[in-house]
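Visitor: Structure supplied as my_file02.txt; contents: compact mmCIF, C-alpha atoms.
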```txt
# COMPACT_ATOMS: atom_id res chain seq x y z
CA MET A 514 99.29 -26.90 22.48
CA LYS A 515 96.33 -27.07 20.08
CA ALA A 516 94.74 -29.77 22.18
CA LEU A 517 94.45 -27.39 25.16
CA VAL A 518 92.33 -24.77 23.31
CA PRO A 519 89.00 -26.64 23.67
CA LEU A 520 89.66 -27.28 27.31
CA VAL A 521 90.30 -23.59 27.90
CA ILE A 522 87.02 -22.63 26.16
CA ILE A 523 85.03 -25.11 28.23
CA ALA A 524 86.58 -23.83 31.41
CA VAL A 525 85.79 -20.21 30.58
CA ALA A 526 82.13 -21.06 29.74
CA ALA A 527 81.75 -22.96 32.99
CA LEU A 528 83.17 -19.98 34.90
CA ILE A 529 80.67 -17.64 33.25
CA VAL A 530 77.74 -19.91 34.15
CA VAL A 531 78.86 -20.03 37.77
CA VAL A 532 79.20 -16.22 37.93
CA VAL A 533 75.69 -15.71 36.43
CA LYS A 534 74.17 -18.24 38.79
CA VAL A 535 75.73 -16.64 41.82
CA THR A 536 74.80 -13.08 40.91
CA GLU A 537 71.16 -13.68 39.63
CA PRO A 538 68.36 -11.90 41.65
CA ASP A 539 65.92 -13.86 43.72
CA VAL A 540 62.45 -14.27 42.01
CA GLU A 541 59.37 -14.67 44.18
CA ALA A 542 56.72 -17.04 42.83
CA GLY A 543 53.11 -15.75 42.76
CA PRO A 544 49.70 -16.45 41.17
CA ALA A 545 49.21 -15.59 37.49
CA ARG A 546 47.26 -12.36 36.86
CA VAL A 547 44.36 -12.66 34.41
CA HIS A 548 42.82 -9.45 33.04
CA ALA A 549 39.03 -9.74 32.52
CA PRO A 550 37.80 -8.09 29.30
CA LEU A 551 36.19 -4.68 29.46
CA VAL A 552 32.55 -4.53 28.32
CA SER A 553 29.91 -1.87 27.97
CA VAL A 554 26.42 -2.71 29.25
CA ILE A 555 22.97 -1.16 29.16
CA GLU A 556 20.22 -1.67 31.71
CA VAL A 557 17.03 -2.59 29.86
CA GLN A 558 13.47 -1.61 30.69
CA PRO A 559 10.27 -2.85 29.01
CA ARG A 560 8.33 -0.42 26.86
CA GLU A 561 5.37 -0.13 24.53
CA LEU A 562 5.86 0.61 20.84
CA ARG A 563 4.12 0.48 17.49
CA PHE A 564 5.55 -1.41 14.55
CA SER A 565 5.78 0.13 11.09
CA VAL A 566 6.50 -1.39 7.70
CA LYS A 567 8.20 0.46 4.85
CA THR A 568 7.59 -0.15 1.18
CA GLN A 569 7.24 1.75 -2.12
CA GLY A 570 4.68 2.18 -4.85
CA THR A 571 3.38 4.30 -7.71
CA VAL A 572 0.32 6.54 -7.52
CA ALA A 573 -2.52 5.45 -9.80
CA PRO A 574 -6.08 6.79 -10.31
CA ARG A 575 -8.86 4.77 -8.75
CA THR A 576 -10.74 4.85 -12.10
CA GLU A 577 -9.53 5.53 -15.62
CA SER A 578 -11.76 5.31 -18.68
CA ASP A 579 -12.11 6.29 -22.31
CA LEU A 580 -14.68 8.93 -23.25
CA ILE A 581 -16.72 7.37 -26.07
CA PRO A 582 -19.65 9.03 -27.92
CA GLN A 583 -22.83 6.99 -28.26
CA VAL A 584 -23.98 8.88 -31.39
CA SER A 585 -22.18 9.98 -34.54
CA GLY A 586 -21.96 13.53 -35.84
CA GLU A 587 -19.94 16.70 -36.20
CA VAL A 588 -18.43 18.28 -33.08
CA ILE A 589 -19.81 21.82 -32.67
CA TRP A 590 -18.45 22.66 -29.19
CA VAL A 591 -15.62 21.49 -26.93
CA SER A 592 -15.38 22.54 -23.28
CA PRO A 593 -12.27 24.48 -22.23
CA LYS A 594 -11.88 21.81 -19.55
CA LEU A 595 -11.45 19.08 -22.17
CA VAL A 596 -7.72 19.57 -22.57
CA SER A 597 -4.81 17.43 -21.43
CA GLY A 598 -4.47 18.06 -17.69
CA GLY A 599 -7.83 19.83 -17.40
CA PHE A 600 -9.98 19.29 -14.31
CA PHE A 601 -13.75 18.82 -14.42
CA GLU A 602 -16.58 18.07 -12.04
CA ALA A 603 -19.11 15.29 -12.27
CA ALA A 604 -21.85 15.99 -14.88
CA ASP A 605 -19.93 18.93 -16.44
CA PRO A 606 -20.62 19.18 -20.21
CA LEU A 607 -17.43 18.34 -22.07
CA LEU A 608 -18.45 18.18 -25.74
CA ARG A 609 -21.48 18.73 -28.00
CA ILE A 610 -22.26 17.00 -31.27
CA ASP A 611 -24.49 18.58 -33.94
CA PRO A 612 -28.01 17.46 -32.87
CA SER A 613 -29.78 18.11 -36.20
CA ASP A 614 -30.05 14.47 -37.27
CA GLN A 615 -31.19 13.38 -33.82
CA GLN A 616 -33.81 16.14 -33.70
CA VAL A 617 -35.21 14.96 -37.05
CA GLU A 618 -35.31 11.35 -35.83
CA LEU A 619 -37.05 12.48 -32.64
CA GLU A 620 -39.75 14.37 -34.52
CA ALA A 621 -40.29 11.40 -36.85
CA ALA A 622 -40.60 9.08 -33.85
CA ARG A 623 -43.12 11.42 -32.22
CA ALA A 624 -45.20 11.47 -35.41
CA VAL A 625 -45.23 7.67 -35.66
CA VAL A 626 -46.25 7.38 -32.01
CA ALA A 627 -49.09 9.86 -32.51
CA ARG A 628 -50.39 7.92 -35.53
CA THR A 629 -50.06 4.59 -33.69
CA ARG A 630 -51.94 5.96 -30.69
CA SER A 631 -54.79 7.01 -32.98
CA GLU A 632 -54.94 3.55 -34.56
CA PHE A 633 -54.79 1.96 -31.12
CA ALA A 634 -57.68 4.13 -29.89
CA ARG A 635 -59.77 3.18 -32.97
CA ALA A 636 -59.01 -0.51 -32.49
CA LYS A 637 -59.91 -0.27 -28.84
CA THR A 638 -63.24 1.38 -29.67
CA GLU A 639 -63.99 -1.24 -32.31
CA ILE A 640 -63.34 -4.19 -29.99
CA GLU A 641 -65.57 -2.66 -27.35
CA ARG A 642 -68.35 -2.14 -29.93
CA GLN A 643 -68.09 -5.71 -31.19
CA ARG A 644 -68.22 -7.05 -27.64
CA SER A 645 -71.34 -4.98 -26.99
CA LEU A 646 -72.98 -6.33 -30.14
CA ALA A 647 -72.04 -9.84 -29.16
CA VAL A 648 -73.92 -9.41 -25.90
CA GLN A 649 -77.00 -8.37 -27.93
CA GLY A 650 -76.50 -11.37 -30.20
CA VAL A 651 -76.06 -9.39 -33.43
CA ALA A 652 -72.25 -9.76 -33.91
CA SER A 653 -70.59 -12.70 -35.56
CA GLN A 654 -67.63 -14.45 -34.00
CA SER A 655 -65.42 -13.71 -37.00
CA ARG A 656 -65.91 -9.96 -36.58
CA ILE A 657 -65.10 -10.22 -32.90
CA ASP A 658 -61.92 -12.16 -33.74
CA ASP A 659 -60.86 -9.58 -36.34
CA ALA A 660 -61.41 -6.76 -33.86
CA GLU A 661 -59.42 -8.58 -31.18
CA ASN A 662 -56.54 -9.17 -33.61
CA ALA A 663 -56.50 -5.53 -34.76
CA PHE A 664 -56.47 -4.34 -31.15
CA GLN A 665 -53.52 -6.56 -30.19
CA VAL A 666 -51.54 -5.57 -33.29
CA THR A 667 -52.01 -1.84 -32.69
CA GLU A 668 -51.18 -2.26 -28.99
CA ALA A 669 -47.91 -3.99 -29.86
CA GLU A 670 -47.14 -1.36 -32.48
CA LEU A 671 -47.71 1.39 -29.94
CA ARG A 672 -45.27 -0.20 -27.49
CA GLU A 673 -42.64 -0.57 -30.21
CA GLN A 674 -42.96 3.02 -31.41
CA THR A 675 -42.95 4.33 -27.84
CA ALA A 676 -39.66 2.52 -27.26
CA LYS A 677 -38.23 4.03 -30.44
CA LEU A 678 -39.34 7.46 -29.26
CA ALA A 679 -37.51 6.95 -25.96
CA ARG A 680 -34.39 5.89 -27.85
CA ALA A 681 -34.60 8.99 -30.08
CA GLU A 682 -34.87 11.17 -26.98
CA ARG A 683 -31.81 9.48 -25.46
CA ASP A 684 -29.85 9.91 -28.70
CA LEU A 685 -30.64 13.61 -28.68
CA ASP A 686 -29.54 13.88 -25.06
CA ARG A 687 -26.34 12.00 -25.92
CA THR A 688 -25.27 14.72 -28.34
CA GLU A 689 -24.06 16.51 -25.21
CA ILE A 690 -21.36 14.39 -23.53
CA ARG A 691 -21.04 14.96 -19.78
CA ALA A 692 -18.31 13.99 -17.35
CA PRO A 693 -19.10 10.67 -15.64
CA TYR A 694 -17.27 11.65 -12.43
CA GLN A 695 -15.00 14.30 -10.92
CA GLY A 696 -11.71 13.92 -12.67
CA ARG A 697 -8.97 15.07 -14.96
CA VAL A 698 -8.19 14.69 -18.66
CA ARG A 699 -5.23 12.51 -19.51
CA SER A 700 -5.42 12.92 -23.30
CA LYS A 701 -7.76 14.37 -25.92
CA LYS A 702 -8.29 13.22 -29.53
CA VAL A 703 -11.04 15.51 -30.85
CA ASP A 704 -11.71 19.15 -31.68
CA VAL A 705 -14.40 21.41 -33.13
CA GLY A 706 -15.43 20.53 -36.68
CA GLN A 707 -14.28 16.94 -36.48
CA PHE A 708 -16.71 14.14 -37.26
CA VAL A 709 -16.87 11.54 -34.51
CA SER A 710 -18.26 8.05 -34.85
CA ARG A 711 -20.25 6.10 -32.33
CA GLY A 712 -18.05 3.79 -30.25
CA VAL A 713 -14.70 5.46 -31.12
CA PRO A 714 -12.77 6.93 -28.09
CA ILE A 715 -12.27 10.68 -28.17
CA ALA A 716 -10.49 11.26 -24.82
CA THR A 717 -9.05 9.48 -21.78
CA LEU A 718 -10.17 10.54 -18.29
CA TYR A 719 -9.34 9.52 -14.74
CA ALA A 720 -11.04 10.20 -11.42
CA THR A 721 -9.52 12.60 -8.87
CA ASP A 722 -11.81 12.17 -5.86
CA TYR A 723 -9.15 9.85 -4.45
CA ALA A 724 -5.96 8.16 -5.62
CA GLU A 725 -4.64 4.70 -4.92
CA VAL A 726 -1.14 3.31 -4.37
CA ARG A 727 -0.42 -0.40 -4.79
CA LEU A 728 2.12 -1.40 -2.14
CA PRO A 729 4.02 -4.72 -2.35
CA LEU A 730 5.03 -6.47 0.89
CA PRO A 731 6.66 -9.78 1.77
CA ASP A 732 4.01 -11.92 3.42
CA ARG A 733 6.10 -12.12 6.62
CA ASP A 734 5.67 -8.35 7.11
CA LEU A 735 1.93 -8.86 7.61
CA PHE A 736 2.91 -10.07 11.09
CA TYR A 737 3.67 -6.46 12.04
CA LEU A 738 0.39 -5.02 10.70
CA ASP A 739 -3.10 -5.15 12.12
CA ILE A 740 -4.90 -5.80 8.83
CA PRO A 741 -7.87 -8.14 8.42
CA PHE A 742 -7.16 -10.66 5.67
CA ASN A 743 -10.63 -10.03 4.22
CA LEU A 744 -10.18 -6.26 4.02
CA SER A 745 -11.76 -5.29 0.69
CA GLY A 746 -12.62 -1.58 0.91
CA GLU A 747 -16.33 -2.29 0.66
CA ARG A 748 -18.89 -0.14 2.41
CA VAL A 749 -20.21 -1.85 5.51
CA ALA A 750 -23.09 -1.06 7.84
CA SER A 751 -22.33 0.60 11.16
CA ASP A 752 -24.33 2.20 13.95
CA GLY A 753 -23.43 5.74 12.99
CA ASP A 754 -23.19 5.54 9.22
CA PRO A 755 -24.84 2.76 7.19
CA THR A 756 -22.40 3.40 4.31
CA GLU A 757 -19.14 3.69 6.24
CA THR A 758 -16.11 2.37 4.35
CA GLN A 759 -14.08 -0.34 6.07
CA LEU A 760 -10.55 1.04 6.44
CA GLY A 761 -7.22 -0.39 7.51
CA PRO A 762 -4.23 1.30 9.18
CA GLU A 763 -2.85 4.73 8.34
CA VAL A 764 -0.03 5.04 5.83
CA GLN A 765 2.36 7.94 5.25
CA LEU A 766 3.47 8.56 1.68
CA ARG A 767 6.65 10.56 1.06
CA ALA A 768 8.20 11.86 -2.13
CA GLU A 769 10.11 14.83 -3.45
CA PHE A 770 7.88 17.16 -5.45
CA ALA A 771 8.95 20.51 -6.93
CA GLY A 772 12.32 20.14 -5.22
CA GLU A 773 10.90 19.74 -1.72
CA PRO A 774 10.07 16.68 0.41
CA ARG A 775 6.31 16.19 0.71
CA THR A 776 4.09 13.98 2.85
CA TRP A 777 0.56 12.69 2.26
CA ILE A 778 -1.64 10.70 4.64
CA GLY A 779 -3.72 7.78 3.39
CA ARG A 780 -5.36 4.59 4.63
CA ILE A 781 -5.08 0.97 3.62
CA VAL A 782 -8.46 0.05 2.11
CA ARG A 783 -7.97 -3.47 0.79
CA THR A 784 -5.63 -6.34 0.20
CA GLU A 785 -5.39 -8.09 -3.13
CA GLY A 786 -6.66 -11.62 -3.08
CA GLU A 787 -3.54 -13.42 -4.22
CA ILE A 788 0.24 -13.64 -3.83
CA ASP A 789 2.32 -12.70 -6.85
CA ALA A 790 3.66 -15.95 -8.28
CA LYS A 791 6.97 -14.37 -9.37
CA SER A 792 7.87 -11.99 -6.55
CA ARG A 793 6.01 -13.82 -3.75
CA MET A 794 4.68 -10.49 -2.60
CA VAL A 795 1.33 -9.55 -1.08
CA HIS A 796 -0.10 -6.27 -2.38
CA LEU A 797 -1.94 -3.75 -0.21
CA VAL A 798 -3.83 -0.81 -1.68
CA ALA A 799 -3.66 2.59 0.04
CA ARG A 800 -6.16 5.35 -0.65
CA VAL A 801 -5.53 9.10 -0.41
CA GLU A 802 -8.60 11.33 -0.45
CA ASP A 803 -8.62 14.45 -2.63
CA PRO A 804 -5.04 13.98 -3.95
CA TYR A 805 -5.10 17.25 -5.92
CA GLY A 806 -6.55 19.39 -3.13
CA ARG A 807 -9.64 20.31 -5.17
CA SER A 808 -11.81 20.60 -2.08
CA GLY A 809 -9.48 23.17 -0.51
CA THR A 810 -9.06 21.11 2.68
CA THR A 811 -5.30 20.59 2.28
CA ASN A 812 -2.31 22.80 1.52
CA SER A 813 -0.03 19.94 0.52
CA ALA A 814 1.34 19.56 -2.96
CA PRO A 815 -0.77 17.47 -5.35
CA LEU A 816 -0.27 13.73 -5.24
CA ALA A 817 0.09 13.40 -9.00
CA VAL A 818 -0.74 10.22 -10.84
CA GLY A 819 2.46 8.37 -11.75
CA LEU A 820 4.47 9.74 -8.80
CA PHE A 821 6.78 7.18 -7.15
CA VAL A 822 6.43 7.35 -3.37
CA ASP A 823 7.97 5.80 -0.25
CA ALA A 824 5.32 4.44 2.09
CA GLU A 825 5.39 3.74 5.83
CA ILE A 826 2.44 1.70 7.07
CA GLN A 827 1.45 2.05 10.69
CA GLY A 828 1.62 -1.35 12.38
CA ARG A 829 0.19 -2.97 15.48
CA ARG A 830 1.06 -2.01 19.05
CA VAL A 831 3.05 -4.33 21.32
CA GLU A 832 3.67 -4.07 25.06
CA ASN A 833 6.46 -5.21 27.38
CA VAL A 834 9.12 -5.44 24.71
CA PHE A 835 12.80 -4.52 24.92
CA VAL A 836 14.65 -2.48 22.31
CA LEU A 837 18.38 -3.22 22.12
CA PRO A 838 21.19 -2.05 19.87
CA ARG A 839 21.74 -4.40 16.96
CA ALA A 840 25.21 -5.31 18.32
CA ALA A 841 23.63 -6.81 21.45
CA LEU A 842 22.13 -9.75 19.54
CA ARG A 843 24.47 -12.71 19.08
CA THR A 844 23.54 -14.88 16.12
CA ASP A 845 26.89 -16.52 15.33
CA VAL A 846 26.35 -19.25 17.92
CA GLY A 847 23.44 -20.94 16.17
CA SER A 848 20.60 -19.31 18.12
CA ASP A 849 19.28 -15.90 19.11
CA LEU A 850 20.82 -14.91 22.42
CA VAL A 851 22.27 -11.98 24.32
CA TYR A 852 25.05 -11.73 26.87
CA LEU A 853 23.89 -10.67 30.33
CA VAL A 854 26.19 -9.46 33.09
CA ASP A 855 25.06 -10.71 36.51
CA ALA A 856 25.52 -9.14 39.92
CA GLY A 857 28.94 -10.78 40.22
CA ASP A 858 30.13 -9.24 36.93
CA ARG A 859 30.10 -12.56 35.14
CA LEU A 860 28.86 -13.16 31.63
CA ARG A 861 25.67 -15.20 31.23
CA PHE A 862 24.17 -16.46 27.93
CA LYS A 863 20.43 -15.84 27.58
CA ASN A 864 18.17 -17.08 24.78
CA VAL A 865 15.66 -14.45 23.67
CA ASP A 866 12.55 -14.24 21.48
CA VAL A 867 13.30 -11.84 18.62
CA LEU A 868 10.22 -10.08 17.27
CA ARG A 869 12.10 -7.97 14.76
CA ALA A 870 15.70 -7.22 13.86
CA ASN A 871 16.54 -4.02 11.99
CA ARG A 872 19.83 -2.58 10.84
CA ASP A 873 20.37 -0.48 13.99
CA ASP A 874 18.24 -2.15 16.66
CA VAL A 875 16.47 -5.33 17.61
CA ILE A 876 13.11 -5.81 19.35
CA ILE A 877 12.97 -8.56 21.96
CA GLY A 878 9.60 -10.01 22.93
CA GLY A 879 10.67 -12.50 25.62
CA GLY A 880 13.66 -13.75 27.57
CA LEU A 881 14.60 -10.52 29.38
CA ARG A 882 13.48 -8.88 32.61
CA SER A 883 13.39 -5.30 33.73
CA GLY A 884 16.78 -4.18 34.99
CA ASP A 885 18.84 -6.83 33.20
CA ARG A 886 22.31 -5.65 32.21
CA VAL A 887 22.93 -6.52 28.57
CA CYS A 888 26.43 -6.54 27.12
CA VAL A 889 26.65 -4.53 23.90
CA SER A 890 30.40 -4.91 23.32
CA PRO A 891 31.74 -7.40 20.75
CA LEU A 892 33.66 -10.29 22.27
CA ALA A 893 35.85 -12.56 20.18
CA ALA A 894 35.76 -15.54 22.55
CA ALA A 895 32.94 -15.40 25.08
CA VAL A 896 32.32 -18.20 27.58
CA ASP A 897 29.28 -18.53 29.80
CA GLY A 898 30.36 -17.59 33.33
CA MET A 899 33.54 -15.72 32.41
CA ALA A 900 34.45 -12.65 34.45
CA VAL A 901 34.18 -9.23 32.83
CA ARG A 902 34.85 -5.65 33.82
CA ILE A 903 32.21 -3.01 33.20
CA VAL A 904 33.30 0.31 31.71
CA LYS A 905 33.01 2.99 34.38
CA GLU A 906 36.02 5.33 34.15
CA PRO A 907 37.10 7.43 31.10
CA GLU A 908 40.35 5.47 30.83
CA ASP A 909 38.30 2.26 30.72
CA ALA A 910 36.48 3.59 27.69
CA GLY A 911 39.81 4.06 25.92
CA ARG A 912 40.88 0.52 26.70
CA LEU A 913 37.48 -0.76 25.51
CA ALA A 914 37.94 1.01 22.17
CA GLN A 915 41.32 -0.70 21.71
CA GLN A 916 39.78 -4.03 22.66
CA GLN A 917 36.96 -3.60 20.16
CA GLN A 918 39.42 -2.70 17.43
CA SER A 919 41.32 -5.91 18.14
CA THR A 920 38.05 -7.86 18.00
CA GLU A 921 37.19 -6.30 14.66
CA ASP A 922 40.58 -7.24 13.25
CA ALA A 923 39.99 -10.80 14.45
CA GLY A 924 36.63 -10.97 12.73
CA GLY A 925 34.60 -11.19 15.91
CA PHE A 926 31.58 -9.22 14.86
CA ASP A 927 28.23 -10.99 14.61
CA SER A 928 26.77 -11.67 11.17
CA ALA A 929 23.67 -9.73 10.17
CA MET A 930 20.34 -11.44 10.63
CA ALA A 931 17.37 -10.95 8.26
CA GLN A 932 14.13 -9.57 9.68
CA ARG A 933 11.64 -12.21 10.63
CA PRO A 934 8.68 -12.67 12.93
CA LYS A 935 8.65 -15.35 15.54
```
Show the structure stored in the file as C-alpha cells.

Guide:
Amino acid sequence: MKALVPLVIIAVAALIVVVVKVTEPDVEAGPARVHAPLVSVIEVQPRELRFSVKTQGTVAPRTESDLIPQVSGEVIWVSPKLVSGGFFEAADPLLRIDPSDQQVELEAARAVVARTRSEFARAKTEIERQRSLAVQGVASQSRIDDAENAFQVTEAELREQTAKLARAERDLDRTEIRAPYQGRVRSKKVDVGQFVSRGVPIATLYATDYAEVRLPLPDRDLFYLDIPFNLSGERVASDGDPTETQLGPEVQLRAEFAGEPRTWIGRIVRTEGEIDAKSRMVHLVARVEDPYGRSGTTNSAPLAVGLFVDAEIQGRRVENVFVLPRAALRTDVGSDLVYLVDAGDRLRFKNVDVLRANRDDVIIGGGLRSGDRVCVSPLAAAVDGMAVRIVKEPEDAGRLAQQQQSTEDAGGFDSAMAQRPK
C-alpha cells in the first residue's frame, strides 16, 4: 500500500500539468517595445558678449610719506588740519617752528656777504689798476700777481658766502612746513611747545587725489582682458592732450560701507612687472580718482584706505559665441563635447571649443551653428545615434523629472570643469 503513494502523487501532478496546458490563453508574439529617453533641448543662437573677471583687493593710497622737519626748533603753531584723519590741500601750512635762530643766521649771512662784496670790489679795482700800470710799464710783475691772487680769493669767498646766504634763507623758509600734496593725516607725533629735531618724523601723510587697489589674478585670466602687457600708467603723448595717462579697462569696486552696499568706478592703470613666486599670480593696479569726494563731483561714500573690496574688471568683447547652461557641457568622456539632437530626434556627439566655463553657464567659441538643438538633460548612458524624445507636453516634463532623479541616484552627472582659456 505504501508503494502506491508515490505513484498517486506523480499521477496527480501530471494531471494538473495537462489541465494547465489545455486551459492556458493564447499569446501572440510581437516586437519588443523600447522607450527612448526623454530629453530637454534648447535651440542656440550666436551672440556678442563682453567677458569680465572678478577678484578682490585692499584700497591703498597712491603715495604715503613721513613729514620730516629740515630744521630743528620749538613748535610754535600747529594747523587744525594736522590731526589724525584731517584733510589738507597741497601747499597748506601744517606747522611752524620758532624762526628766531634762523633769522639770526640769515642776518649774519647777509652781513658776511656784504663784507665779502666790498672786499671783492676792492680787489677788482686793484687788479684793474695794476693792469693799467703794467701797460704804462711802471708796475712790477709781483704786484700784478698779488693783485690777481687777491681778486680770485675774494671772488671765491663771495661765491661761498652767497651760497651760505641762500641756505640761511631756505632754513628760514623751512620753519614753516607745508603739505607736499593734497592728502590726509594718518598719524601725528608733535604738538605746540615740543622741540623737534631735524630729520625726525613728526607725522605720517598720504595722498587723496586718487587711490589704488592691487588686484591679484591668475595669469590665465589675462586671456579674458584687453590689457597691454606693457601698461605702466605713464603719461603718453596724444593728439589731443600731450600728457594723457595711458589707461586700461574699467573696473567696478564693490564693498559694504556704513551698512549699505557701495560701488566705485576705477580704471586699470598698470600691471606689475613680475609674477608672484609663491601664489603664481599677476597683479593689476586699479586707480580711483578722488576717492573721498573732495572735489564734489561724486555723491558716493568715501573709498577709505584699508577697505577690502570686490572687483569686477571689464574684459574684451567676443562675437559669434554661444552661451549654454553648465549642464549642457559633457566632460566625463575625456573631451569637451555637447549632445545635439538632429532632425530625426537622434543624439549626436559634437566636440566644441570652450572659451570659458563658469558655475552656471559655459561659453562656446566654436563647434556649434545657429539653430542647433542642444540637449541639456543628464543622461546616464548616452550613445551617439541613439533615439530620444523631446519634452513637449506637461506630462513629459513630469516623466523627465523622474528620469533625471534616477540619473542623479546613479551618479550620472558630469564632473565640474575648471575655467580655462583655449

Visitor: Could you give me, as JSON, numbers by chain, the residues within 9 Å of range 814-817 of chain A, counting all atoms listed in the file and dropping anything in the same chain fewer than 4 positions from it?

Guide: {"A": [572, 573, 724, 770, 771, 775, 776, 777, 801, 803, 804, 805, 806]}

Visitor: Dig up all the protein and nucleic acid residues within 12 Å of (7.5, 2.8, 27.2) in the file frame, using only C-alpha atoms, and format them as number ranges by chain.

Guide: A: 557-563, 830-836, 883

Visitor: Tell me which of A:Pro891, A:Gly884, A:Pro729, A:Pro838 sits closest to Thr571 in chain A, counting only C-alpha atoms.

Guide: A:Pro729

Visitor: What does the structure give for the distance between CA of Ala603 in chain A and CA of Val584 in chain A, in Å to one decimal?

Guide: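 Computed distance, CA of Ala603 in chain A to CA of Val584 in chain A, equals 20.7 Å.
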
Visitor: Using all atoms listed in the file, pick whichever of A:Cys888, A:Ile657, A:Ile555, A:Leu718 has the shortest atom-to-atom distance to Phe862 in chain A.

Guide: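 The shortest atom-to-atom distance to Phe862 in chain A comes from A:Cys888.
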
Visitor: How far is it from CA of Asp858 in chain A to CA of Ile903 in chain A, in Å with one decimal?

Guide: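 Here the two named atoms are 7.6 Å from each other.
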
Visitor: May I ask for the distance between CA of Pro714 in chain A and CA of Arg807 in chain A, given in Å to one decimal place?

Guide: 26.7 Å

Visitor: Which residues, protein or nucleic acid, reach to within 12 Å of (6.1, 0.1, 0.7) in the file's coordinates when using only C-alpha atoms, and can you give that as a ChimeraX atom specification?

Guide: /A:565-572,726-731,734,764-767,781,794-799,821-827

Visitor: Using all atoms listed in the file, can you tell me which of A:Gly828, A:Pro693, A:Gly599, A:Pro519 comes closest to Ser578 in chain A?

Guide: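 Using all atoms listed in the file, Ser578 in chain A sits closest to A:Pro693.
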
Visitor: With distances taken over all atoms listed in the file, which residue among A:Asp849, A:Asp874, A:Arg843, A:Ile529 lies nearest Ala893 in chain A?

Guide: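 Of A:Asp849, A:Asp874, A:Arg843, A:Ile529, the one nearest Ala893 in chain A, counting all atoms listed in the file, is A:Arg843.
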
Visitor: Residues within 8 Å of Gly761 in chain A, please, as a ChimeraX atom specification. Count only C-alpha atoms; anything in the same chain fewer than 2 positions from it doesn't count.

Guide: /A:739-741,744,759,763,780-783

Visitor: Write out as a list in words each polymer residue whose atoms come within 12 Å of Ser585 in chain A, counting all atoms listed in the file; drop sequence neighbours fewer than 5 positions from it.

Guide: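 Residues meeting the cut-off are Arg609, Ile610, Asp611, Pro612, Ser613, Asp614, Gln615, Asp684, Leu685, Arg687, Thr688, Glu689, Ile690, Gln707, Phe708, Val709, Ser710, Arg711, Gly712, Val713, Pro714 and Ile715 of chain A.
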
Visitor: Let me see the file: selected residues, C-alpha atoms, as a PDB file, in the coordinates of the input.

Guide:
```
ATOM      1  CA  ARG A 609     -21.480  18.730 -28.000  1.00  0.00           C
ATOM      2  CA  ILE A 610     -22.260  17.000 -31.270  1.00  0.00           C
ATOM      3  CA  ASP A 611     -24.490  18.580 -33.940  1.00  0.00           C
ATOM      4  CA  PRO A 612     -28.010  17.460 -32.870  1.00  0.00           C
ATOM      5  CA  SER A 613     -29.780  18.110 -36.200  1.00  0.00           C
ATOM      6  CA  ASP A 614     -30.050  14.470 -37.270  1.00  0.00           C
ATOM      7  CA  GLN A 615     -31.190  13.380 -33.820  1.00  0.00           C
ATOM      8  CA  ASP A 684     -29.850   9.910 -28.700  1.00  0.00           C
ATOM      9  CA  LEU A 685     -30.640  13.610 -28.680  1.00  0.00           C
ATOM     10  CA  ARG A 687     -26.340  12.000 -25.920  1.00  0.00           C
ATOM     11  CA  THR A 688     -25.270  14.720 -28.340  1.00  0.00           C
ATOM     12  CA  GLU A 689     -24.060  16.510 -25.210  1.00  0.00           C
ATOM     13  CA  ILE A 690     -21.360  14.390 -23.530  1.00  0.00           C
ATOM     14  CA  GLN A 707     -14.280  16.940 -36.480  1.00  0.00           C
ATOM     15  CA  PHE A 708     -16.710  14.140 -37.260  1.00  0.00           C
ATOM     16  CA  VAL A 709     -16.870  11.540 -34.510  1.00  0.00           C
ATOM     17  CA  SER A 710     -18.260   8.050 -34.850  1.00  0.00           C
ATOM     18  CA  ARG A 711     -20.250   6.100 -32.330  1.00  0.00           C
ATOM     19  CA  GLY A 712     -18.050   3.790 -30.250  1.00  0.00           C
ATOM     20  CA  VAL A 713     -14.700   5.460 -31.120  1.00  0.00           C
ATOM     21  CA  PRO A 714     -12.770   6.930 -28.090  1.00  0.00           C
ATOM     22  CA  ILE A 715     -12.270  10.680 -28.170  1.00  0.00           C
TER      23      ILE A 715
END
```

Visitor: Which is closer to Gly706 in chain A than all the others in A:Trp590, A:Ser848, A:Ser597, A:Ala692, using only C-alpha atoms?

Guide: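 Closest residue, counting only C-alpha atoms: A:Trp590.
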
Visitor: Could you check which of A:Val818, A:Val596, A:Arg628, A:Asp732 is closest to Glu787 in chain A, using only C-alpha atoms?

Guide: A:Asp732
